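Everything on this sheet refers to the single structure shown next.
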Number of protein chains: 4
Amino acid sequence: MAIEERPVPRPGPAQVVVRVRSVGVCGSDAHYYEHGRIGRFVVEAPLVLGHEGSGEVVELGPDVTRLTVGQRVAIEPGVPDLTCEQCLAGRYNLCPDMRFFATPPIDGALAEYVVVHEAFAHPVPEVISDDAAALLEPLSVGLWACRKARVSAGDRVLVTGAGPIGLVSVQAALAFGATEVAVSDVNPARLALAKELGATEVLDARESRLSDLPRPPQVLLECSGYAPVIAEAIRALDRAGRAVLVGMGSDEVALPLSVVQEHELELMGTFRYANTWPVAIALVASGRIDLDRLVTGTYRLDQTEEALVAGRRDPQSVKAVIRPQT
Amino acid sequence: MAIEERPVPRPGPAQVVVRVRSVGVCGSDAHYYEHGRIGRFVVEAPLVLGHEGSGEVVELGPDVTRLTVGQRVAIEPGVPDLTCEQCLAGRYNLCPDMRFFATPPIDGALAEYVVVHEAFAHPVPEVISDDAAALLEPLSVGLWACRKARVSAGDRVLVTGAGPIGLVSVQAALAFGATEVAVSDVNPARLALAKELGATEVLDARESRLSDLPRPPQVLLECSGYAPVIAEAIRALDRAGRAVLVGMGSDEVALPLSVVQEHELELMGTFRYANTWPVAIALVASGRIDLDRLVTGTYRLDQTEEALVAGRRDPQSVKAVIRPQT
Amino acid sequence: MAIEERPVPRPGPAQVVVRVRSVGVCGSDAHYYEHGRIGRFVVEAPLVLGHEGSGEVVELGPDVTRLTVGQRVAIEPGVPDLTCEQCLAGRYNLCPDMRFFATPPIDGALAEYVVVHEAFAHPVPEVISDDAAALLEPLSVGLWACRKARVSAGDRVLVTGAGPIGLVSVQAALAFGATEVAVSDVNPARLALAKELGATEVLDARESRLSDLPRPPQVLLECSGYAPVIAEAIRALDRAGRAVLVGMGSDEVALPLSVVQEHELELMGTFRYANTWPVAIALVASGRIDLDRLVTGTYRLDQTEEALVAGRRDPQSVKAVIRPQT
Amino acid sequence: MAIEERPVPRPGPAQVVVRVRSVGVCGSDAHYYEHGRIGRFVVEAPLVLGHEGSGEVVELGPDVTRLTVGQRVAIEPGVPDLTCEQCLAGRYNLCPDMRFFATPPIDGALAEYVVVHEAFAHPVPEVISDDAAALLEPLSVGLWACRKARVSAGDRVLVTGAGPIGLVSVQAALAFGATEVAVSDVNPARLALAKELGATEVLDARESRLSDLPRPPQVLLECSGYAPVIAEAIRALDRAGRAVLVGMGSDEVALPLSVVQEHELELMGTFRYANTWPVAIALVASGRIDLDRLVTGTYRLDQTEEALVAGRRDPQSVKAVIRPQT
């Protein structure tokens, strides 16, 4: 872990330079820091972490038409090749040639300046803070999960796991119109926060069973990645239920196939997100989703190490944010 | 127009008798009263009006398993044959053999007692008033429109026409997660009410053009039935926009076909609703939708005539409700 | 196993009596015969087997309007309650109160006469044989799988398992427009038949790996129920692939969750079918699907035991059919 | 109309030079030739016509990775900006900055050499002829219509208009699994060809009414653009029917709104296509669709004028093809 002086990067065609104002710390950053790899992605050279970022446009590259200097933007951290089969079909998150921030060997946003393609630097209105603008990235994960699950008005949703992704998923489900949103976790502080953010029911997983819910949920947003929870939650779903598997855990997980069949459940994997920033911005700007409430600690660039371990050390911690300009 | 003494009806298998507490007056009731027909439906014998009703279960027919005496219920006013191709496919609103309240020759709910199939008498919790329970019927029209239009979180929606159906559609769109909901009408009182109910923009159609909206809407919920408005609103839609045609007007309407093609718009007709009551109940019970606010007048059964003409006489009137037990 | 003399059953309202002409033997019949149970369904009293049936209408109950005496019909073997939440939504296969032929305690079609609701006795044209009419039932399983998987023109489909359900699924996928349909099994006779029925590639699972396919399939129709095959097949899918789990096996199966996530796969359980007979009839009548080719043995009612064990004893056997009138 | 000597164009990054082998003549080419405009697109400078093209790659620009010199390719004639909201959502046909062949001011394919982005030059196997490769473009229109209409196995489809687009739509509908495909036109030669290509019913519009069909179609692929036909065809649709408006006609068309509402019809505009070439290639290569059969005349480059007027002059003519290398 080191702070390096590097030259301010230069923008290529259709790119802008963003002075970074806020960077959220994600579990994957901490994981790379502590373990040096996530699955098949291995850190082999110095890697700039950070993929939840916001800032201000300070320079325009050639052919930039949508942005101006001074504009505040939220950074969508992956740039796909745009022309493969997946991209042309609107599933650019599945692009095999995706270049994604802070995923080896691509550097991340934990820097004073980063270069971003203008189509992936989304202008944000004044009403959205720098930190909230950075946290549109994890929110996008929750929105994408709701979109995959086709959450709609009046749905009953179960969110398993109340970490940052679970908490944005709760808010996302409410924003999609769900009227019952139950959350389970083992951390009482996080359950209390879930309640504050609108969850209609919280279940302490050490005491309650998911099958205790008064009515079976129609949608599962699985944010724990913990195999026994996944299986239990799938069993708790209503007929024709939809389960989105967001939390990452083991490579193989034993799933209750006979229940999946008898109840015609749909299980869907998610990988990042596509086309979520405009919606995320609209939801936060309209006040339907509160991202600032998730920030439990702010750090300077030279406190990065502290920020990276906050989540593991403090059960009250939800989301650490680094402000590189402070 | 007459009040008749009839025997309390007897419930058949799987039916219940409901003592009616509240009946909303709909434009179609007024239309049958004034004109004696709506399109191909002609009143040829005395017809009990009213298809927006709620009440209390007072008697159970044989084989009733889901309801008990004393339960408060909202009445879904159409019973399909359940076994035709449309019903088995989940589109029971398109059942050719639908028996629908207050549509000749089927009597309606404007009575002290009515008989209802238990599957179409939906229990409502205490938090929903009798009037609101009755108005779940027009709300269902708005919910169905949003479902057909696939309204989702962050959508920009335009509602043309701010009568009762337009006003529930505004609320429905917000409940489905729309963050921009513009409404147009010529009646300032109704526009003010739309604003109060959450519309983010109101357009006085006598002064503004729909193309004046800052960003083109992605969804149109057309509730005016007025041909020039329909055409103008379709032209105002964003590319890939979806238009749901709720308002009934002329048989033939001139539509801007080249715009529909160049922007790949979808135009969808709606006919009543299917499977909306459970969602309607969840939305009203959770406080996301306010139906009581629409009630601008309450009447006794012997004031029915007055209730039927209220909408036409008073520009401030939105929804008249008759309470047969008062 | 016994043949009983019972009175010809009498039709209730909206029911007809069908003189049974052909009954296909399904693996589940054989399973009940040999083991006396399938999962939570236990045979506790004498049970008439058979749920793949066709015949001729010989008597009409009261209120029958769609059928006439003499009409040849295919029997859809389950009758749902029609008014529960699942039924009204068009998913009647998920009705908790489904009464399904040959599932304890409901008797099946292996009889000279059965009573059927008129909406579930589907008229078939002359061009469809009695045996083929009976086999519209297993075909429905394949059609339903294709519908769940959204198979469409030009798709690449993998079918794992070439038993009767695998073989109808191959044909169904082709009928839905798939241009590449690969099939894997360990039985060369069945692979040869798959090829004859239109499969574009056959894989002997003892020698080939599913990952050997020249291009990854977009759709998996899993008809083996064998856990290692399920996992291997899921790994072989293309990004955004869809897997329908048709084959029944263990209660719990270990699935490659990280692949499901990274490739955003959809896994869907299926349980029987809904609204498939009209399409099945159209496809067989038009010659797109050949069901007679699956029949490898015909039996009299007094040969039922022999028919039930044919599949297990003879690797060349695909589908045994019992003709109760012979 | 002139033949100009121009230098062979040079490929930019990710582009290739294609030696053109076949160019289909489209009604829009003829229209530009005769009228100098189509709606808001006006020819103000010399314009190379032709947007249905195939050929051979003869030179690679920098960064080309998917193609090699010598490869036969079908040309997808529009290149979108790839990064706008519509493109990123997979609807690149709606890109406001689309650069489309032979649409002023962009030149078309009616030349000996053209430059194409490698992602829009689709390799074709030997089994597809040069002419058929060119005609993948009109086929794409038909496939896109079927995709919008969600044509699936067993559907009943009506195609109004049996010109080249109508004829590929017939074949597309069959390839999507439709089992009844009726076609109407006033030209007996075209109806005969439709029959030969698989239409199950042909209607001479001078004698028959669309309501004469034995069962109402579930899908309408409207390829005539003729207002009275559009209205009549919409009235003929089944409940919950889907109509795709492909044929271009007047700006405004009177549509039967009350039928659209009462039967909950969906009307969808189409504009070109997106992501259709891979499927088109698979369907033609597998023999499910025959494009060569549509070619009724082949011309040299110096016979272009003759080719352009063939469709208008000869009722037997379906598709004229120009082969620039002959």
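Ligands are numbered from 1 in the order shown, chains are lettered A, B, ... in the order of the structure tokens, and residues start at 1 in each chain.
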
Report as an NGL selection string all protein, DNA and RNA residues lying within 10 Å of range 250-258 of chain D, evaluated on only C-alpha atoms, omitting residues in the same chain fewer than 3 positions from it. (:B and (39 or 225 or 227 or 231 or 245 or 247-261 or 268-271)) or (:D and (39 or 225-228 or 230-232 or 234-235 or 247 or 261-265))

Write the residues of the selection above to a file with N, CA, C and O atoms, as a short mmCIF file (atom, residue, chain, number, x, y, z; two decimals), in the first residue's frame.
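Listing of result_13.cif after writing:
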```cif
data_model
loop_
_atom_site.label_atom_id
_atom_site.label_comp_id
_atom_site.auth_asym_id
_atom_site.auth_seq_id
_atom_site.Cartn_x
_atom_site.Cartn_y
_atom_site.Cartn_z
N GLY B 39 -71.51 2.59 -26.38
CA GLY B 39 -71.13 1.79 -27.54
C GLY B 39 -72.12 0.68 -27.78
O GLY B 39 -73.33 0.91 -27.86
N GLY B 225 -58.81 10.50 -23.70
CA GLY B 225 -59.67 9.98 -24.76
C GLY B 225 -59.92 10.99 -25.86
O GLY B 225 -60.70 10.73 -26.79
N ALA B 227 -58.91 12.91 -29.13
CA ALA B 227 -58.04 12.57 -30.25
C ALA B 227 -56.85 13.52 -30.44
O ALA B 227 -55.72 13.06 -30.60
N ALA B 231 -52.75 12.28 -30.19
CA ALA B 231 -51.75 12.44 -31.24
C ALA B 231 -50.58 13.29 -30.75
O ALA B 231 -49.41 12.97 -30.97
N LEU B 245 -53.32 3.43 -23.89
CA LEU B 245 -54.49 4.22 -24.22
C LEU B 245 -55.62 3.81 -23.30
O LEU B 245 -56.27 2.79 -23.50
N GLY B 247 -58.06 6.29 -21.82
CA GLY B 247 -59.26 7.08 -22.04
C GLY B 247 -60.02 6.63 -23.27
O GLY B 247 -59.43 6.32 -24.30
N MET B 248 -61.34 6.56 -23.13
CA MET B 248 -62.15 6.12 -24.26
C MET B 248 -62.70 7.32 -24.99
O MET B 248 -63.19 8.27 -24.38
N GLY B 249 -62.63 7.28 -26.32
CA GLY B 249 -63.14 8.40 -27.10
C GLY B 249 -63.79 7.89 -28.35
O GLY B 249 -64.61 6.98 -28.29
N SER B 250 -63.41 8.43 -29.47
CA SER B 250 -64.01 8.02 -30.74
C SER B 250 -63.58 6.60 -31.09
O SER B 250 -62.58 6.09 -30.61
N ASP B 251 -64.35 5.99 -31.99
CA ASP B 251 -64.00 4.67 -32.48
C ASP B 251 -62.69 4.70 -33.26
O ASP B 251 -61.85 3.82 -33.10
N GLU B 252 -62.55 5.70 -34.11
CA GLU B 252 -61.35 5.82 -34.94
C GLU B 252 -60.60 7.09 -34.56
O GLU B 252 -61.21 8.14 -34.35
N VAL B 253 -59.29 6.98 -34.46
CA VAL B 253 -58.48 8.14 -34.12
C VAL B 253 -57.27 8.18 -35.06
O VAL B 253 -56.63 7.15 -35.32
N ALA B 254 -56.97 9.37 -35.57
CA ALA B 254 -55.82 9.51 -36.47
C ALA B 254 -54.54 9.57 -35.65
O ALA B 254 -54.38 10.45 -34.80
N LEU B 255 -53.66 8.63 -35.88
CA LEU B 255 -52.42 8.56 -35.11
C LEU B 255 -51.22 8.82 -36.01
O LEU B 255 -51.22 8.48 -37.19
N PRO B 256 -50.18 9.43 -35.44
CA PRO B 256 -48.98 9.78 -36.24
C PRO B 256 -48.12 8.55 -36.49
O PRO B 256 -47.13 8.31 -35.80
N LEU B 257 -48.49 7.79 -37.51
CA LEU B 257 -47.86 6.50 -37.76
C LEU B 257 -46.36 6.62 -38.02
O LEU B 257 -45.57 5.77 -37.57
N SER B 258 -45.95 7.66 -38.73
CA SER B 258 -44.52 7.75 -39.07
C SER B 258 -43.69 7.95 -37.82
O SER B 258 -42.57 7.44 -37.71
N VAL B 259 -44.22 8.68 -36.84
CA VAL B 259 -43.50 8.84 -35.57
C VAL B 259 -43.46 7.51 -34.81
O VAL B 259 -42.44 7.13 -34.24
N VAL B 260 -44.58 6.83 -34.80
CA VAL B 260 -44.64 5.52 -34.14
C VAL B 260 -43.57 4.60 -34.72
O VAL B 260 -42.90 3.86 -33.99
N GLN B 261 -43.37 4.68 -36.02
CA GLN B 261 -42.38 3.82 -36.66
C GLN B 261 -40.96 4.31 -36.41
O GLN B 261 -40.10 3.54 -35.98
N MET B 268 -50.56 0.60 -26.65
CA MET B 268 -51.30 -0.52 -26.08
C MET B 268 -52.67 -0.09 -25.62
O MET B 268 -52.79 0.90 -24.89
N GLY B 269 -53.68 -0.84 -26.02
CA GLY B 269 -55.00 -0.61 -25.47
C GLY B 269 -55.12 -1.29 -24.12
O GLY B 269 -54.42 -2.27 -23.85
N THR B 270 -55.99 -0.74 -23.26
CA THR B 270 -56.28 -1.45 -22.01
C THR B 270 -57.77 -1.64 -21.89
O THR B 270 -58.56 -0.79 -22.31
N PHE B 271 -58.15 -2.74 -21.31
CA PHE B 271 -59.56 -3.03 -21.08
C PHE B 271 -59.68 -3.53 -19.65
O PHE B 271 -59.27 -4.64 -19.32
N GLY D 39 -39.63 11.50 -46.93
CA GLY D 39 -39.96 12.26 -45.72
C GLY D 39 -38.95 13.35 -45.48
O GLY D 39 -38.67 14.17 -46.37
N GLY D 225 -48.42 -0.73 -45.71
CA GLY D 225 -48.37 0.71 -45.50
C GLY D 225 -49.62 1.43 -45.97
O GLY D 225 -49.69 2.65 -45.96
N TYR D 226 -50.64 0.65 -46.33
CA TYR D 226 -51.85 1.21 -46.93
C TYR D 226 -52.91 1.35 -45.83
O TYR D 226 -53.35 0.36 -45.23
N ALA D 227 -53.33 2.59 -45.57
CA ALA D 227 -54.16 2.88 -44.41
C ALA D 227 -55.40 2.00 -44.27
O ALA D 227 -55.67 1.46 -43.19
N PRO D 228 -56.20 1.81 -45.32
CA PRO D 228 -57.39 0.98 -45.12
C PRO D 228 -57.05 -0.46 -44.74
O PRO D 228 -57.77 -1.09 -43.97
N ILE D 230 -54.38 -1.38 -43.02
CA ILE D 230 -53.93 -1.38 -41.63
C ILE D 230 -55.14 -1.46 -40.69
O ILE D 230 -55.18 -2.29 -39.78
N ALA D 231 -56.11 -0.62 -40.94
CA ALA D 231 -57.29 -0.60 -40.06
C ALA D 231 -58.05 -1.91 -40.13
O ALA D 231 -58.44 -2.47 -39.09
N GLU D 232 -58.21 -2.44 -41.33
CA GLU D 232 -58.96 -3.70 -41.47
C GLU D 232 -58.21 -4.84 -40.77
O GLU D 232 -58.81 -5.69 -40.10
N ILE D 234 -56.10 -4.66 -38.27
CA ILE D 234 -56.16 -4.52 -36.81
C ILE D 234 -57.49 -5.04 -36.27
O ILE D 234 -57.55 -5.72 -35.25
N ARG D 235 -58.56 -4.74 -37.03
CA ARG D 235 -59.87 -5.24 -36.60
C ARG D 235 -59.95 -6.76 -36.65
O ARG D 235 -60.76 -7.37 -35.95
N GLY D 247 -44.76 -1.55 -42.92
CA GLY D 247 -44.92 -0.78 -44.16
C GLY D 247 -45.07 0.70 -43.87
O GLY D 247 -45.76 1.10 -42.94
N GLN D 261 -58.52 -0.98 -27.76
CA GLN D 261 -58.76 -0.99 -26.32
C GLN D 261 -59.51 -2.23 -25.88
O GLN D 261 -59.08 -2.92 -24.97
N GLU D 262 -60.62 -2.51 -26.56
CA GLU D 262 -61.46 -3.60 -26.07
C GLU D 262 -60.75 -4.94 -26.15
O GLU D 262 -60.96 -5.82 -25.33
N HIS D 263 -59.88 -5.10 -27.16
CA HIS D 263 -59.15 -6.35 -27.31
C HIS D 263 -57.72 -6.26 -26.78
O HIS D 263 -56.95 -7.19 -26.96
N GLU D 264 -57.39 -5.15 -26.15
CA GLU D 264 -56.03 -4.96 -25.60
C GLU D 264 -54.97 -5.32 -26.61
O GLU D 264 -54.05 -6.11 -26.33
N LEU D 265 -55.08 -4.71 -27.77
CA LEU D 265 -54.06 -4.94 -28.80
C LEU D 265 -52.81 -4.13 -28.50
O LEU D 265 -52.86 -3.09 -27.84
#
```

Taking only C-alpha atoms into account, report as an MDAnalysis selection string which residues of chain C lie within 6 Å of chain B. chainID C and resid 88:90

Residue with the minimum atom-to-atom distance to Arg323 in chain B, picked from B:Leu301, B:Val17, B:Val58, B:Ala109 with only C-alpha atoms counted, is B:Leu301

For Gly12 in chain D, work out the shell of residues within 10 Å, counting only C-alpha atoms and skipping chain neighbours fewer than 5 positions away, then give it as a VMD selection string. chain D and resid 17 60 to 64 115 to 117

Using all heavy atoms, can you export the residues from the last selection as an mmCIF file, in the first residue's frame?
```cif
data_model
loop_
_atom_site.group_PDB
_atom_site.id
_atom_site.type_symbol
_atom_site.label_atom_id
_atom_site.label_comp_id
_atom_site.auth_asym_id
_atom_site.auth_seq_id
_atom_site.Cartn_x
_atom_site.Cartn_y
_atom_site.Cartn_z
ATOM 1 N N VAL D 17 -12.199 -2.745 -46.072
ATOM 2 C CA VAL D 17 -12.707 -2.440 -47.408
ATOM 3 C C VAL D 17 -13.339 -3.717 -47.961
ATOM 4 O O VAL D 17 -12.740 -4.794 -47.898
ATOM 5 C CB VAL D 17 -11.586 -1.974 -48.350
ATOM 6 C CG1 VAL D 17 -12.152 -1.688 -49.740
ATOM 7 C CG2 VAL D 17 -10.900 -0.735 -47.778
ATOM 8 N N LEU D 60 -7.785 -4.603 -44.693
ATOM 9 C CA LEU D 60 -8.106 -4.396 -43.280
ATOM 10 C C LEU D 60 -7.529 -3.077 -42.801
ATOM 11 O O LEU D 60 -6.358 -2.779 -43.067
ATOM 12 C CB LEU D 60 -7.503 -5.527 -42.428
ATOM 13 C CG LEU D 60 -7.793 -6.962 -42.844
ATOM 14 C CD1 LEU D 60 -7.112 -7.935 -41.877
ATOM 15 C CD2 LEU D 60 -9.294 -7.222 -42.868
ATOM 16 N N GLY D 61 -8.314 -2.306 -42.096
ATOM 17 C CA GLY D 61 -7.784 -1.106 -41.444
ATOM 18 C C GLY D 61 -7.069 -1.470 -40.152
ATOM 19 O O GLY D 61 -7.017 -2.642 -39.766
ATOM 20 N N PRO D 62 -6.514 -0.470 -39.475
ATOM 21 C CA PRO D 62 -5.835 -0.736 -38.205
ATOM 22 C C PRO D 62 -6.803 -1.312 -37.167
ATOM 23 O O PRO D 62 -7.994 -0.982 -37.178
ATOM 24 C CB PRO D 62 -5.349 0.653 -37.762
ATOM 25 C CG PRO D 62 -5.632 1.593 -38.867
ATOM 26 C CD PRO D 62 -6.534 0.958 -39.844
ATOM 27 N N ASP D 63 -6.283 -2.153 -36.304
ATOM 28 C CA ASP D 63 -7.053 -2.683 -35.161
ATOM 29 C C ASP D 63 -8.173 -3.639 -35.541
ATOM 30 O O ASP D 63 -9.009 -3.969 -34.704
ATOM 31 C CB ASP D 63 -7.668 -1.546 -34.315
ATOM 32 C CG ASP D 63 -6.625 -0.552 -33.873
ATOM 33 O OD1 ASP D 63 -5.465 -0.956 -33.678
ATOM 34 O OD2 ASP D 63 -6.970 0.634 -33.741
ATOM 35 N N VAL D 64 -8.222 -4.053 -36.782
ATOM 36 C CA VAL D 64 -9.237 -5.050 -37.132
ATOM 37 C C VAL D 64 -8.809 -6.394 -36.565
ATOM 38 O O VAL D 64 -7.673 -6.827 -36.774
ATOM 39 C CB VAL D 64 -9.412 -5.129 -38.662
ATOM 40 C CG1 VAL D 64 -10.214 -6.376 -39.042
ATOM 41 C CG2 VAL D 64 -10.104 -3.878 -39.168
ATOM 42 N N VAL D 115 -16.363 0.924 -47.579
ATOM 43 C CA VAL D 115 -15.695 0.768 -46.294
ATOM 44 C C VAL D 115 -16.755 0.462 -45.242
ATOM 45 O O VAL D 115 -17.808 1.098 -45.226
ATOM 46 C CB VAL D 115 -14.920 2.056 -45.955
ATOM 47 C CG1 VAL D 115 -14.664 2.145 -44.468
ATOM 48 C CG2 VAL D 115 -13.622 2.087 -46.726
ATOM 49 N N VAL D 116 -16.458 -0.530 -44.392
ATOM 50 C CA VAL D 116 -17.443 -0.973 -43.394
ATOM 51 C C VAL D 116 -16.724 -1.211 -42.063
ATOM 52 O O VAL D 116 -15.605 -1.720 -42.046
ATOM 53 C CB VAL D 116 -18.118 -2.293 -43.841
ATOM 54 C CG1 VAL D 116 -19.238 -2.683 -42.872
ATOM 55 C CG2 VAL D 116 -18.651 -2.185 -45.254
ATOM 56 N N HIS D 117 -17.383 -0.852 -40.962
ATOM 57 C CA HIS D 117 -16.863 -1.187 -39.631
ATOM 58 C C HIS D 117 -16.878 -2.706 -39.478
ATOM 59 O O HIS D 117 -17.857 -3.353 -39.841
ATOM 60 C CB HIS D 117 -17.745 -0.537 -38.569
ATOM 61 C CG HIS D 117 -17.198 -0.641 -37.179
ATOM 62 N ND1 HIS D 117 -17.083 -1.834 -36.510
ATOM 63 C CD2 HIS D 117 -16.722 0.301 -36.327
ATOM 64 C CE1 HIS D 117 -16.561 -1.624 -35.305
ATOM 65 N NE2 HIS D 117 -16.333 -0.328 -35.169
#
```

Can you check which residues of range 149-320 of chain A DSSP gives as helix (DSSP H, G or I) on the backbone and send them as a ChimeraX atom specification? /A:164-175,188-196,210-212,227-236,257-262,277-285,292-294,301-313

Quick one: everything within 8 Å of Gly198 in chain C, counting only C-alpha atoms, minus sequence neighbours fewer than 4 positions away in the same chain. Send it as a list of chain:residue names.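 That gives C:Val170, C:Gln171, C:Leu174, C:Val181, C:Ala194.
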
As a PyMOL selection string, please: the residues near Val246 in chain A (cut-off 10 Å, only C-alpha atoms, same-chain neighbours under 4 positions excluded). (chain A and resi 141-142+144-145+160+165-166+169+220-225+268-272) or (chain C and resi 261)

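Near Asn187 in chain A, within 10 Å and counting only C-alpha atoms, sit Gly161, Ala162, Gly163, Ala192, Asp204, Ala205, Arg206, Pro315 and Gln316 of chain A, not including residues fewer than 5 positions from it in the same chain.
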
Which neighbours of Arg150 in chain D fall inside 12 Å, counting only C-alpha atoms, when residues of the same chain fewer than 2 positions from it are skipped, and could you give them as number ranges by chain? C: 147, 150-153, 176; D: 143-148, 152-157, 172-173, 176-178, 218-221, 241-244, 266, 268

Could you pull out all residues of range 124-257 of chain A with a DSSP call of strand (DSSP E) and give them as an MDAnalysis selection string? chainID A and resid 156:160 180:185 201:204 219:222 242:245 252:256

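Pairwise distance (CA of Glu5 in chain A, CA of Val79 in chain A) equals 25.0 Å.
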